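Colleague: Here you go, one structure.
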Protein chains: 2
Amino acid sequence: MAKEAVTGLLRSRVASANAPGCEFPLNNLPYGVFSNGGPARCGVAIGDMILDLAACEAEGLLDAGGCFSAPALNDFMSRGRAEWDRLRAEITRLLAEGETRPVPLVPMAGARLHLPIRVAEFTDFYASRHHAFNVGCLFRGPENALPPQWTHMPIGYNGRASSVVVSGTPVRRPMGQVRGEDGPLWSPSRRLDLELELGAIVGAESEMGRRLSVEEAEAMIFGYVLLNDWSARDVQAWEYQPLGPFQSKALGTTISPWIVTQAALEPFRCAGAPRENPLLPYLREERPGLYDLTLGWRMNGQSMAETNYSQMYYSSAQQLAHHAVSGCPMRVGDLLGSGTVSGPTRDQTGALLEMTRGGAEPVLVGDAQRTFLEDGDEVELYGYAEAADYRIGFGPCLGRILPAVE
Amino acid sequence: MAKEAVTGLLRSRVASANAPGCEFPLNNLPYGVFSNGGPARCGVAIGDMILDLAACEAEGLLDAGGCFSAPALNDFMSRGRAEWDRLRAEITRLLAEGETRPVPLVPMAGARLHLPIRVAEFTDFYASRHHAFNVGCLFRGPENALPPQWTHMPIGYNGRASSVVVSGTPVRRPMGQVRGEDGPLWSPSRRLDLELELGAIVGAESEMGRRLSVEEAEAMIFGYVLLNDWSARDVQAWEYQPLGPFQSKALGTTISPWIVTQAALEPFRCAGAPRENPLLPYLREERPGLYDLTLGWRMNGQSMAETNYSQMYYSSAQQLAHHAVSGCPMRVGDLLGSGTVSGPTRDQTGALLEMTRGGAEPVLVGDAQRTFLEDGDEVELYGYAEAADYRIGFGPCLGRILPAVE
């Protein structure tokens, strides 16, 4: 993984942002939506504080056409990449060490974080070769594990946008149809699972009937969040042929509250997994499109697995270019899940289905055996990119399982 | 098909609405969005005229909180079923024969019809047994044609909402990956098809984590449109395993401009196809949930096939109840495609894939053989329910194929 040159820590007037290991140094500046008593509005994380962007506009420190007073970043994203760049530069100046203009800062500890965007549509991909092979073995056996088109296109499906929630929202175990001896059973899901993913947020629209090059697609991506695509594997196994997962993936999808911009991740750009065959021209990347980004997950506080986003076979830009290949129009606020990020070994798996080999090999969590998630279990995803003297983090992406209502 | 009592033609002050065979008599009153020079706003079709609902509100004839000035019916639908009923009664009075208050009517001939709703999310089902079996045979052979869960649940998948367009919008033949001898080929789709469907429009929301009974689900359905889910069969065959159709269904989905309400269809309620096994309780209907509704399609003006919506195995209410079974929240403006409506014979098939048996048996259209759609072909869906002395129609649902951009 050949990293491009990484600039060092940019020092901030907010002291906590300069501390070693801080997820939100001046180099990061992720966007989110928060409230602290008043209405929900846009902010940027810096150290242990939030820069109140709506107040910045009200006080004349920034000008984004008033769109930072909205409870979602869609209007800001719609203003386009030149504005993304201009505002990033202005916010960097406002929060730099030595800057003396008063700025409206809110302690993160007392703020509530909301879903940062109105999710237009949600699409989930399947771009880790290890995950696709591992799960394919369990569903279809090793010989049919990897579908023949897998190395030729980023396979994806449309998910449900209305069930995307922000970190901290409880997730209820679903009831549903599962396979029984003699037809379906009505049951709470007994094979409830997580999926460790990165989500790309589309910040620009494209017209119907128009394809996108990988370069155009990349320029439309505003930033990234952590994404947990909760999955009911028993419901999935019974329902998914031939039209794909449906209710097994509609119980909830949790994203982290801070959108880490492409600009913040730029120094960590790297190539992905080795390519097994040439791609068709519309999917070829001129420059590497993945990031050297550690992704991992904990269960009830215990570290379970850790892997790297650079394991992926397709970048978000390639996924977005493929999404539009039929002429499908893309919209501001579209969310593209990377697919579960898994490495080759068990302690690098991004789902319990893989980690426990379909439930056959339980893992120890605290004092208890686990195959799939139990009621009350809490899953937390984390992710960060690391340079010599700073870290770009995503903040928490967590959810706790509530019991089914039978 | 035991119809419930059908009231006779309600006579309107708009003479064209009383003519035999008129699609929009006073019994119908479908909602749409139109413009005629000014901004797009809500209207109701009556005979060959449109009642301008925004003007009705401005003139104090109706009160719906100003929401008829919007270029979509979502705000009106959000007001709830009691308001749907109240406004229907008031509009019926305004347009009845003998009513003398002046009303703002616009000739339909000079108006442009727009997409009637902001589509929140689009879900497509697969609820005709004939279609599922016919297509299953072509994709997987007769032994695996019907998936084992098919008679136990309405199989569906999330489609793409951004590519839903109103009747008359041209649809471009997509480029894409198709299966070649030795890996994928980059090609315009050579197997472009239509799908004859009915679309149900959800007019109320449901909370995350909450299931819906079939009765609750039915009460959330505002009305119905014709729906053509254009499909690139060669792209579909290569891409669809294991996560379902994606780009093959994202090139465009055409809906008719007028939403025929549940209230207008109520006299045509009837039972569906015979049930082969008992359903789980959450899918059981207390009363029949389909409609005796003729659905057909023409190609370049020639009648191709005609079938009936009562052929379906699952109603829209059952589909909606299943959609929420995992706790998936539903939203105002969700669009649920019924799935292709096909009867048992070739002249009752709702897709060329079925009619030509996968392209093996061409059909004659005018002087030319057709297996799949050619550039310039125009497909028009139609649909109506018929009583002794009136008809409830949907208006046109048409689209013409533009050549691929290579």
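Residue numbering restarts at 1 in every chain; chains get A, B, ... in the order shown in the structure tokens, and ligands count up from 1 in that same order.
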Determine, counting only C-alpha atoms, which protein, DNA and RNA residues have an atom within 9 Å of an atom of range 317-331 of chain A; residues of the same chain fewer than 6 positions away are not included. Present the result as a tab-separated table (two decimals) with N, CA, C and O atoms, in the first residue's frame.

Modeller:
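Full text of around.tsv as output:
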```
chain	number	residue	atom	x	y	z
A	120	ALA	N	-31.31	9.73	0.76
A	120	ALA	CA	-32.17	9.70	-0.44
A	120	ALA	C	-32.48	8.23	-0.76
A	120	ALA	O	-33.62	7.81	-0.69
A	121	GLU	N	-31.46	7.48	-1.11
A	121	GLU	CA	-31.64	6.04	-1.31
A	121	GLU	C	-30.39	5.35	-0.77
A	121	GLU	O	-29.32	5.94	-0.68
A	123	THR	N	-27.95	1.96	-1.07
A	123	THR	CA	-27.54	0.82	-1.88
A	123	THR	C	-26.41	0.12	-1.15
A	123	THR	O	-25.51	0.77	-0.63
A	125	PHE	N	-23.39	-2.81	-1.29
A	125	PHE	CA	-22.56	-3.62	-2.19
A	125	PHE	C	-21.97	-4.82	-1.45
A	125	PHE	O	-22.32	-5.09	-0.30
A	127	ALA	N	-18.28	-6.08	-1.75
A	127	ALA	CA	-17.03	-5.85	-2.47
A	127	ALA	C	-15.78	-6.39	-1.79
A	127	ALA	O	-14.68	-6.15	-2.26
A	153	MET	N	-17.72	-7.05	-11.84
A	153	MET	CA	-18.57	-5.90	-11.50
A	153	MET	C	-18.79	-5.84	-9.99
A	153	MET	O	-18.82	-6.87	-9.32
A	154	PRO	N	-18.94	-4.64	-9.47
A	154	PRO	CA	-19.31	-4.53	-8.05
A	154	PRO	C	-20.80	-4.88	-7.89
A	154	PRO	O	-21.66	-4.12	-8.30
A	155	ILE	N	-21.06	-6.07	-7.35
A	155	ILE	CA	-22.44	-6.51	-7.16
A	155	ILE	C	-23.07	-5.70	-6.03
A	155	ILE	O	-22.47	-5.52	-4.98
A	156	GLY	N	-24.25	-5.19	-6.29
A	156	GLY	CA	-24.95	-4.43	-5.26
A	156	GLY	C	-26.44	-4.64	-5.36
A	156	GLY	O	-26.93	-5.25	-6.32
A	200	ALA	N	-20.39	5.34	1.74
A	200	ALA	CA	-20.02	6.55	0.99
A	200	ALA	C	-21.27	7.40	0.79
A	200	ALA	O	-22.34	6.87	0.47
A	202	VAL	N	-23.13	10.29	-1.30
A	202	VAL	CA	-23.10	10.98	-2.59
A	202	VAL	C	-23.58	12.41	-2.37
A	202	VAL	O	-24.65	12.63	-1.80
A	203	GLY	N	-22.78	13.37	-2.82
A	203	GLY	CA	-23.08	14.77	-2.57
A	203	GLY	C	-23.49	15.55	-3.81
A	203	GLY	O	-23.64	16.77	-3.75
A	204	ALA	N	-23.66	14.86	-4.92
A	204	ALA	CA	-24.04	15.53	-6.17
A	204	ALA	C	-24.99	14.63	-6.93
A	204	ALA	O	-25.00	13.42	-6.71
A	205	GLU	N	-25.77	15.21	-7.80
A	205	GLU	CA	-26.72	14.39	-8.55
A	205	GLU	C	-26.23	14.14	-9.96
A	205	GLU	O	-25.35	14.84	-10.46
A	206	SER	N	-26.81	13.12	-10.59
A	206	SER	CA	-26.54	12.90	-12.01
A	206	SER	C	-27.87	12.70	-12.73
A	206	SER	O	-28.86	12.31	-12.13
A	207	GLU	N	-27.86	13.02	-14.01
A	207	GLU	CA	-29.08	12.96	-14.82
A	207	GLU	C	-29.43	11.54	-15.21
A	207	GLU	O	-28.54	10.73	-15.48
A	208	MET	N	-30.71	11.30	-15.39
A	208	MET	CA	-31.16	10.01	-15.90
A	208	MET	C	-30.65	9.81	-17.32
A	208	MET	O	-30.66	10.74	-18.13
A	209	GLY	N	-30.19	8.62	-17.59
A	209	GLY	CA	-29.72	8.29	-18.93
A	209	GLY	C	-28.25	8.58	-19.15
A	209	GLY	O	-27.72	8.30	-20.22
A	210	ARG	N	-27.57	9.11	-18.13
A	210	ARG	CA	-26.17	9.51	-18.29
A	210	ARG	C	-25.28	8.61	-17.45
A	210	ARG	O	-25.49	8.46	-16.26
A	211	ARG	N	-24.27	8.01	-18.09
A	211	ARG	CA	-23.31	7.21	-17.33
A	211	ARG	C	-22.29	8.14	-16.66
A	211	ARG	O	-22.15	9.30	-17.03
A	212	LEU	N	-21.55	7.58	-15.71
A	212	LEU	CA	-20.50	8.33	-15.01
A	212	LEU	C	-19.18	7.59	-15.17
A	212	LEU	O	-19.13	6.37	-14.98
A	213	SER	N	-18.13	8.32	-15.48
A	213	SER	CA	-16.81	7.70	-15.42
A	213	SER	C	-16.44	7.53	-13.94
A	213	SER	O	-17.03	8.16	-13.06
A	214	VAL	N	-15.45	6.69	-13.68
A	214	VAL	CA	-15.01	6.51	-12.29
A	214	VAL	C	-14.52	7.84	-11.72
A	214	VAL	O	-14.78	8.16	-10.55
A	215	GLU	N	-13.88	8.66	-12.54
A	215	GLU	CA	-13.39	9.96	-12.07
A	215	GLU	C	-14.57	10.88	-11.73
A	215	GLU	O	-14.55	11.57	-10.70
A	216	GLU	N	-15.57	10.92	-12.61
A	216	GLU	CA	-16.75	11.74	-12.30
A	216	GLU	C	-17.43	11.24	-11.03
A	216	GLU	O	-17.88	12.03	-10.20
A	217	ALA	N	-17.53	9.94	-10.92
A	217	ALA	CA	-18.18	9.37	-9.74
A	217	ALA	C	-17.42	9.76	-8.48
A	217	ALA	O	-18.02	10.18	-7.48
A	218	GLU	N	-16.11	9.66	-8.52
A	218	GLU	CA	-15.33	10.00	-7.33
A	218	GLU	C	-15.56	11.45	-6.92
A	218	GLU	O	-15.66	11.76	-5.73
A	219	ALA	N	-15.66	12.31	-7.90
A	219	ALA	CA	-15.85	13.74	-7.59
A	219	ALA	C	-17.21	14.02	-6.97
A	219	ALA	O	-17.43	15.08	-6.39
A	220	MET	N	-18.15	13.07	-7.09
A	220	MET	CA	-19.48	13.25	-6.51
A	220	MET	C	-19.57	12.78	-5.06
A	220	MET	O	-20.58	13.00	-4.39
A	221	ILE	N	-18.53	12.08	-4.59
A	221	ILE	CA	-18.59	11.54	-3.22
A	221	ILE	C	-18.15	12.62	-2.23
A	221	ILE	O	-17.04	13.15	-2.31
A	282	TYR	N	-15.30	0.99	-18.31
A	282	TYR	CA	-16.09	1.90	-17.48
A	282	TYR	C	-15.81	1.75	-15.99
A	282	TYR	O	-16.21	2.60	-15.21
A	283	LEU	N	-15.11	0.68	-15.61
A	283	LEU	CA	-14.81	0.47	-14.18
A	283	LEU	C	-13.33	0.69	-13.85
A	283	LEU	O	-12.93	0.56	-12.70
A	284	ARG	N	-12.54	1.04	-14.88
A	284	ARG	CA	-11.10	1.17	-14.60
A	284	ARG	C	-10.81	2.48	-13.88
A	284	ARG	O	-11.34	3.52	-14.24
A	285	GLU	N	-9.93	2.38	-12.90
A	285	GLU	CA	-9.54	3.56	-12.12
A	285	GLU	C	-8.19	4.06	-12.58
A	285	GLU	O	-7.25	3.28	-12.73
A	289	GLY	N	-8.25	3.91	-5.59
A	289	GLY	CA	-9.44	4.53	-5.05
A	289	GLY	C	-9.84	4.05	-3.67
A	289	GLY	O	-10.94	4.37	-3.21
A	338	SER	N	-20.28	-0.16	1.44
A	338	SER	CA	-19.14	-0.81	0.74
A	338	SER	C	-19.37	-2.30	0.58
A	338	SER	O	-18.77	-2.94	-0.28
B	160	ARG	N	-35.22	1.15	-7.47
B	160	ARG	CA	-34.63	2.48	-7.41
B	160	ARG	C	-35.72	3.52	-7.64
B	160	ARG	O	-36.39	3.52	-8.68
B	162	SER	N	-35.33	6.87	-7.85
B	162	SER	CA	-34.95	8.05	-8.65
B	162	SER	C	-35.22	7.85	-10.12
B	162	SER	O	-35.25	8.83	-10.87
B	163	SER	N	-35.39	6.63	-10.57
B	163	SER	CA	-35.62	6.40	-12.00
B	163	SER	C	-37.10	6.17	-12.31
B	163	SER	O	-37.42	5.71	-13.41
B	172	ARG	N	-34.25	5.31	-22.26
B	172	ARG	CA	-33.08	5.02	-23.09
B	172	ARG	C	-32.62	3.58	-22.88
B	172	ARG	O	-32.49	3.13	-21.74
B	173	ARG	N	-32.36	2.91	-23.98
B	173	ARG	CA	-31.78	1.56	-23.91
B	173	ARG	C	-30.44	1.64	-23.18
B	173	ARG	O	-29.59	2.46	-23.53
B	174	PRO	N	-30.25	0.82	-22.15
B	174	PRO	CA	-29.00	0.95	-21.39
B	174	PRO	C	-27.84	0.18	-22.03
B	174	PRO	O	-28.04	-0.81	-22.73
B	175	MET	N	-26.66	0.64	-21.74
B	175	MET	CA	-25.44	-0.14	-21.94
B	175	MET	C	-25.21	-0.93	-20.66
B	175	MET	O	-25.70	-0.57	-19.60
B	176	GLY	N	-24.46	-2.00	-20.77
B	176	GLY	CA	-24.18	-2.73	-19.54
B	176	GLY	C	-23.36	-3.97	-19.80
B	176	GLY	O	-22.96	-4.23	-20.94
B	246	PHE	N	-30.51	-5.33	-10.32
B	246	PHE	CA	-29.95	-4.03	-9.90
B	246	PHE	C	-29.98	-3.08	-11.10
B	246	PHE	O	-30.99	-2.42	-11.34
B	247	GLN	N	-28.95	-3.05	-11.92
B	247	GLN	CA	-28.94	-2.12	-13.05
B	247	GLN	C	-29.93	-2.52	-14.15
B	247	GLN	O	-30.38	-1.69	-14.92
B	248	SER	N	-30.28	-3.80	-14.19
B	248	SER	CA	-31.26	-4.25	-15.19
B	248	SER	C	-32.63	-3.64	-14.98
B	248	SER	O	-33.46	-3.67	-15.88
B	249	LYS	N	-32.87	-3.07	-13.81
B	249	LYS	CA	-34.18	-2.50	-13.48
B	249	LYS	C	-34.07	-1.02	-13.14
B	249	LYS	O	-35.03	-0.45	-12.62
B	250	ALA	N	-32.90	-0.42	-13.37
B	250	ALA	CA	-32.70	0.97	-12.94
B	250	ALA	C	-32.74	1.95	-14.10
B	250	ALA	O	-32.55	3.14	-13.93
B	251	LEU	N	-33.02	1.45	-15.32
B	251	LEU	CA	-33.02	2.33	-16.49
B	251	LEU	C	-34.25	3.21	-16.55
B	251	LEU	O	-34.26	4.24	-17.21
B	252	GLY	N	-35.30	2.83	-15.84
B	252	GLY	CA	-36.52	3.61	-15.83
B	252	GLY	C	-37.71	2.76	-15.44
B	252	GLY	O	-37.76	1.57	-15.75
```

Colleague: For the strand (DSSP E or B) assignment from backbone DSSP, which residues of range 195-375 of chain B qualify? Please present them as a PyMOL selection string.

Modeller: chain B and resi 196-202+221-229+231-232+253-255+259-261+269-270+290-291+294-299+302-308+335-337+363-365+368-370

Colleague: May I ask which of the residues A:Asp124, A:Glu23, A:Glu378, A:Asp347 is the closest one to Leu335 in chain A, counting only C-alpha atoms?

Modeller: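 For Leu335 in chain A, the nearest of the given residues is A:Asp124.
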
Colleague: Could you write out, as a list of chain:residue names, all the residues of range 233-316 of chain B that DSSP marks as alpha helix (DSSP H)?

Modeller: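 Output for range 233-316 of chain B, alpha helix (DSSP H) only: B:Arg233, B:Asp234, B:Val235, B:Gln236, B:Ala237, B:Trp238, B:Glu239, B:Gln262, B:Ala263, B:Ala264, B:Leu265, B:Ser316.
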
Colleague: Just checking: using only C-alpha atoms, which residue out of B:Leu194, B:Val119, B:Ala273, B:Met299 ends up closest to chain A?

Modeller: B:Val119

Colleague: So, with only C-alpha atoms as the atoms that count, which of A:Ala263, A:Leu73, A:Leu105, A:His131 lies closest to Arg86 in chain A?

Modeller: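 Nearest to Arg86 in chain A: A:Ala263.
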
Colleague: Mind checking which residues fall within 12 Å of His152 in chain B, counting only C-alpha atoms, ignoring those fewer than 6 positions away in the same chain, and posting them as a list in words?

Modeller: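 Near His152 in chain B, the qualifying residues are Gly176, Gln177, Val178, Arg179, Gly180, Asp182, Gly183, Pro184, Leu185, Trp186, Trp238 and Glu239 of chain A; Ala127, Leu146, Arg275, Glu276, Asn277, Pro278, Leu279, Leu280, Pro281, Tyr282, Leu283, Arg284, Tyr313, Tyr314, Gln318, Gln319 and His322 of chain B.
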
Colleague: Env of range 348-361 of chain A: 6 Å cut, atoms = only C-alpha atoms, seq-sep filter 3 positions within chain, self excluded. Answer as JSON, numbers by chain.

Modeller: {"A": [193, 194, 195, 196, 305, 306, 307, 340, 341, 342, 343, 345, 371]}

Colleague: So which one's closest to chain A, B:Val164, B:Val379, B:Leu398, B:Val33? Using only C-alpha atoms, please.

Modeller: B:Val164

Colleague: For range 92-95 of chain B, list every protein, DNA or RNA residue within 7 Å, evaluated using only C-alpha atoms, and leave out those in the same chain fewer than 2 positions away; present the list as a VMD selection string.

Modeller: chain B and resid 12 to 13 26 88 to 90 97 99

Colleague: Kindly save the residues from that selection, with N, CA and C atoms included, as a compact mmCIF listing (two decimals), in the first residue's frame.

Modeller:
```
# COMPACT_ATOMS: atom_id res chain seq x y z
N SER B 12 -72.07 13.85 -13.77
CA SER B 12 -71.27 15.05 -13.51
C SER B 12 -71.78 16.24 -14.31
N ARG B 13 -71.48 17.44 -13.81
CA ARG B 13 -71.74 18.67 -14.56
C ARG B 13 -70.82 18.77 -15.79
N LEU B 26 -67.44 10.76 -12.74
CA LEU B 26 -67.48 11.28 -11.37
C LEU B 26 -67.18 10.18 -10.34
N ARG B 88 -62.73 13.82 -0.99
CA ARG B 88 -63.42 13.10 -2.07
C ARG B 88 -64.91 13.46 -2.08
N ALA B 89 -65.50 13.51 -0.92
CA ALA B 89 -66.93 13.86 -0.84
C ALA B 89 -67.15 15.30 -1.32
N GLU B 90 -66.28 16.20 -0.94
CA GLU B 90 -66.45 17.61 -1.35
C GLU B 90 -66.24 17.79 -2.85
N GLU B 97 -73.64 16.79 -11.28
CA GLU B 97 -74.66 17.40 -12.13
C GLU B 97 -75.58 18.23 -11.24
N GLU B 99 -74.82 21.01 -9.70
CA GLU B 99 -74.05 21.97 -8.88
C GLU B 99 -73.78 23.21 -9.75
```

Colleague: Given the choices A:Ala96, A:Ile50, A:Ala64, A:Leu402, which gets closest to chain B if the distance is worked out from only C-alpha atoms?

Modeller: A:Leu402

Colleague: What does the structure give for the distance between CA of His114 in chain A and CA of Tyr382 in chain A, in Å to one decimal?

Modeller: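 Answer for the CA of His114 in chain A to CA of Tyr382 in chain A separation: 17.8 Å.
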
Colleague: Please list as a list in words every residue within 12 Å of Asp48 in chain B, counting only C-alpha atoms and excluding residues in the same chain fewer than 4 positions away.

Modeller: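 What passes the distance filter is Ser12, Val14, Ala15, Ser16, Ala17, Asn18, Ala19, Cys22, Glu23, Phe24, Pro25, Leu26, Leu29, Val44, Leu105, Val106, Pro107, Met108, Ala109, Gly110, Ala111 and Gly395 of chain B.
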
Colleague: Counting only C-alpha atoms, figure out which residue out of A:Gly60, A:Met304, A:Leu243, A:Leu113 gets nearest to Asn36 in chain A.

Modeller: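 Result for the nearest residue to Asn36 in chain A: A:Leu113.
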
Colleague: Could you tell me how far CA of Ile91 in chain A sits from CA of Ser35 in chain A, in Å to one decimal place?

Modeller: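 CA of Ser35 in chain A sits 19.6 Å away from CA of Ile91 in chain A.
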
Colleague: Show which residues sit within 9 Å of Ile255 in chain B, as a list of chain:residue names. Count only C-alpha atoms, and ignore same-chain residues fewer than 5 positions away.

Modeller: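 So, after excluding close chain neighbours, the residues are B:Leu115, B:Val164, B:Val165, B:Val166, B:Ser167, B:Leu198, B:Gly199, B:Val225, B:Leu226, B:Leu227, B:Asn228, B:Asp229, B:Pro396, B:Cys397, B:Leu398.
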
Colleague: Put those residues in a file: all heavy atoms, as a compact mmCIF listing (two decimals), in the first residue's frame.

Modeller:
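Wrote it out as part_21.txt, contents follow:
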```
# COMPACT_ATOMS: atom_id res chain seq x y z
N LEU B 115 -45.10 13.74 -12.73
CA LEU B 115 -45.08 12.64 -11.76
C LEU B 115 -45.98 13.07 -10.59
O LEU B 115 -45.79 14.15 -10.02
CB LEU B 115 -43.63 12.44 -11.30
CG LEU B 115 -43.24 11.11 -10.69
CD1 LEU B 115 -43.44 9.95 -11.66
CD2 LEU B 115 -41.77 11.16 -10.26
N VAL B 164 -37.99 6.48 -11.38
CA VAL B 164 -39.42 6.41 -11.67
C VAL B 164 -39.81 7.69 -12.41
O VAL B 164 -39.53 8.80 -11.94
CB VAL B 164 -40.25 6.27 -10.37
CG1 VAL B 164 -41.74 6.29 -10.68
CG2 VAL B 164 -39.87 4.98 -9.64
N VAL B 165 -40.44 7.53 -13.57
CA VAL B 165 -40.81 8.68 -14.41
C VAL B 165 -42.28 8.59 -14.79
O VAL B 165 -42.90 7.53 -14.68
CB VAL B 165 -39.94 8.76 -15.68
CG1 VAL B 165 -38.47 8.99 -15.33
CG2 VAL B 165 -40.09 7.50 -16.54
N VAL B 166 -42.82 9.71 -15.23
CA VAL B 166 -44.23 9.74 -15.59
C VAL B 166 -44.40 9.33 -17.06
O VAL B 166 -43.48 9.49 -17.88
CB VAL B 166 -44.82 11.14 -15.32
CG1 VAL B 166 -44.34 12.17 -16.35
CG2 VAL B 166 -46.35 11.11 -15.27
N SER B 167 -45.55 8.80 -17.34
CA SER B 167 -45.94 8.41 -18.70
C SER B 167 -45.52 9.47 -19.73
O SER B 167 -45.73 10.66 -19.52
CB SER B 167 -47.46 8.24 -18.76
OG SER B 167 -47.88 7.98 -20.08
N LEU B 198 -49.32 -3.13 -11.67
CA LEU B 198 -50.09 -2.12 -10.98
C LEU B 198 -49.20 -1.63 -9.84
O LEU B 198 -48.54 -2.44 -9.18
CB LEU B 198 -51.38 -2.73 -10.44
CG LEU B 198 -52.46 -1.75 -10.00
CD1 LEU B 198 -53.05 -1.02 -11.21
CD2 LEU B 198 -53.57 -2.47 -9.23
N GLY B 199 -49.17 -0.31 -9.61
CA GLY B 199 -48.38 0.24 -8.51
C GLY B 199 -49.30 0.76 -7.41
O GLY B 199 -50.26 1.48 -7.71
N VAL B 225 -51.62 3.19 -9.50
CA VAL B 225 -51.24 3.65 -10.83
C VAL B 225 -50.86 2.44 -11.68
O VAL B 225 -50.58 1.36 -11.14
CB VAL B 225 -50.03 4.63 -10.79
CG1 VAL B 225 -50.41 5.95 -10.14
CG2 VAL B 225 -48.83 3.99 -10.07
N LEU B 226 -50.83 2.60 -12.99
CA LEU B 226 -50.21 1.61 -13.85
C LEU B 226 -48.70 1.78 -13.76
O LEU B 226 -48.20 2.90 -13.57
CB LEU B 226 -50.66 1.79 -15.30
CG LEU B 226 -52.16 1.72 -15.56
CD1 LEU B 226 -52.46 2.08 -17.02
CD2 LEU B 226 -52.70 0.34 -15.22
N LEU B 227 -47.97 0.70 -13.91
CA LEU B 227 -46.52 0.76 -13.72
C LEU B 227 -45.84 -0.17 -14.71
O LEU B 227 -46.20 -1.35 -14.81
CB LEU B 227 -46.22 0.35 -12.27
CG LEU B 227 -44.78 0.49 -11.75
CD1 LEU B 227 -44.80 0.74 -10.23
CD2 LEU B 227 -43.93 -0.71 -12.06
N ASN B 228 -44.90 0.36 -15.45
CA ASN B 228 -44.10 -0.43 -16.38
C ASN B 228 -42.66 -0.45 -15.88
O ASN B 228 -41.96 0.55 -15.91
CB ASN B 228 -44.17 0.17 -17.79
CG ASN B 228 -43.39 -0.65 -18.82
OD1 ASN B 228 -42.64 -1.55 -18.45
ND2 ASN B 228 -43.57 -0.34 -20.09
N ASP B 229 -42.25 -1.60 -15.38
CA ASP B 229 -40.89 -1.74 -14.84
C ASP B 229 -39.98 -2.26 -15.96
O ASP B 229 -39.70 -3.47 -16.05
CB ASP B 229 -40.91 -2.70 -13.65
CG ASP B 229 -39.63 -2.60 -12.83
OD1 ASP B 229 -39.13 -1.48 -12.66
OD2 ASP B 229 -39.14 -3.65 -12.37
N PRO B 396 -53.18 6.89 -19.77
CA PRO B 396 -52.10 6.17 -20.43
C PRO B 396 -50.86 6.00 -19.54
O PRO B 396 -50.61 6.81 -18.65
CB PRO B 396 -51.75 7.09 -21.61
CG PRO B 396 -52.11 8.46 -21.12
CD PRO B 396 -53.31 8.29 -20.22
N CYS B 397 -50.13 4.95 -19.84
CA CYS B 397 -48.82 4.73 -19.21
C CYS B 397 -47.91 4.30 -20.34
O CYS B 397 -47.86 3.12 -20.68
CB CYS B 397 -48.92 3.67 -18.13
SG CYS B 397 -47.35 3.35 -17.32
N LEU B 398 -47.25 5.26 -20.98
CA LEU B 398 -46.49 4.90 -22.18
C LEU B 398 -45.07 5.44 -22.17
O LEU B 398 -44.75 6.41 -21.47
CB LEU B 398 -47.25 5.35 -23.43
CG LEU B 398 -47.60 6.80 -23.65
CD1 LEU B 398 -46.46 7.49 -24.37
CD2 LEU B 398 -48.87 6.90 -24.50
```
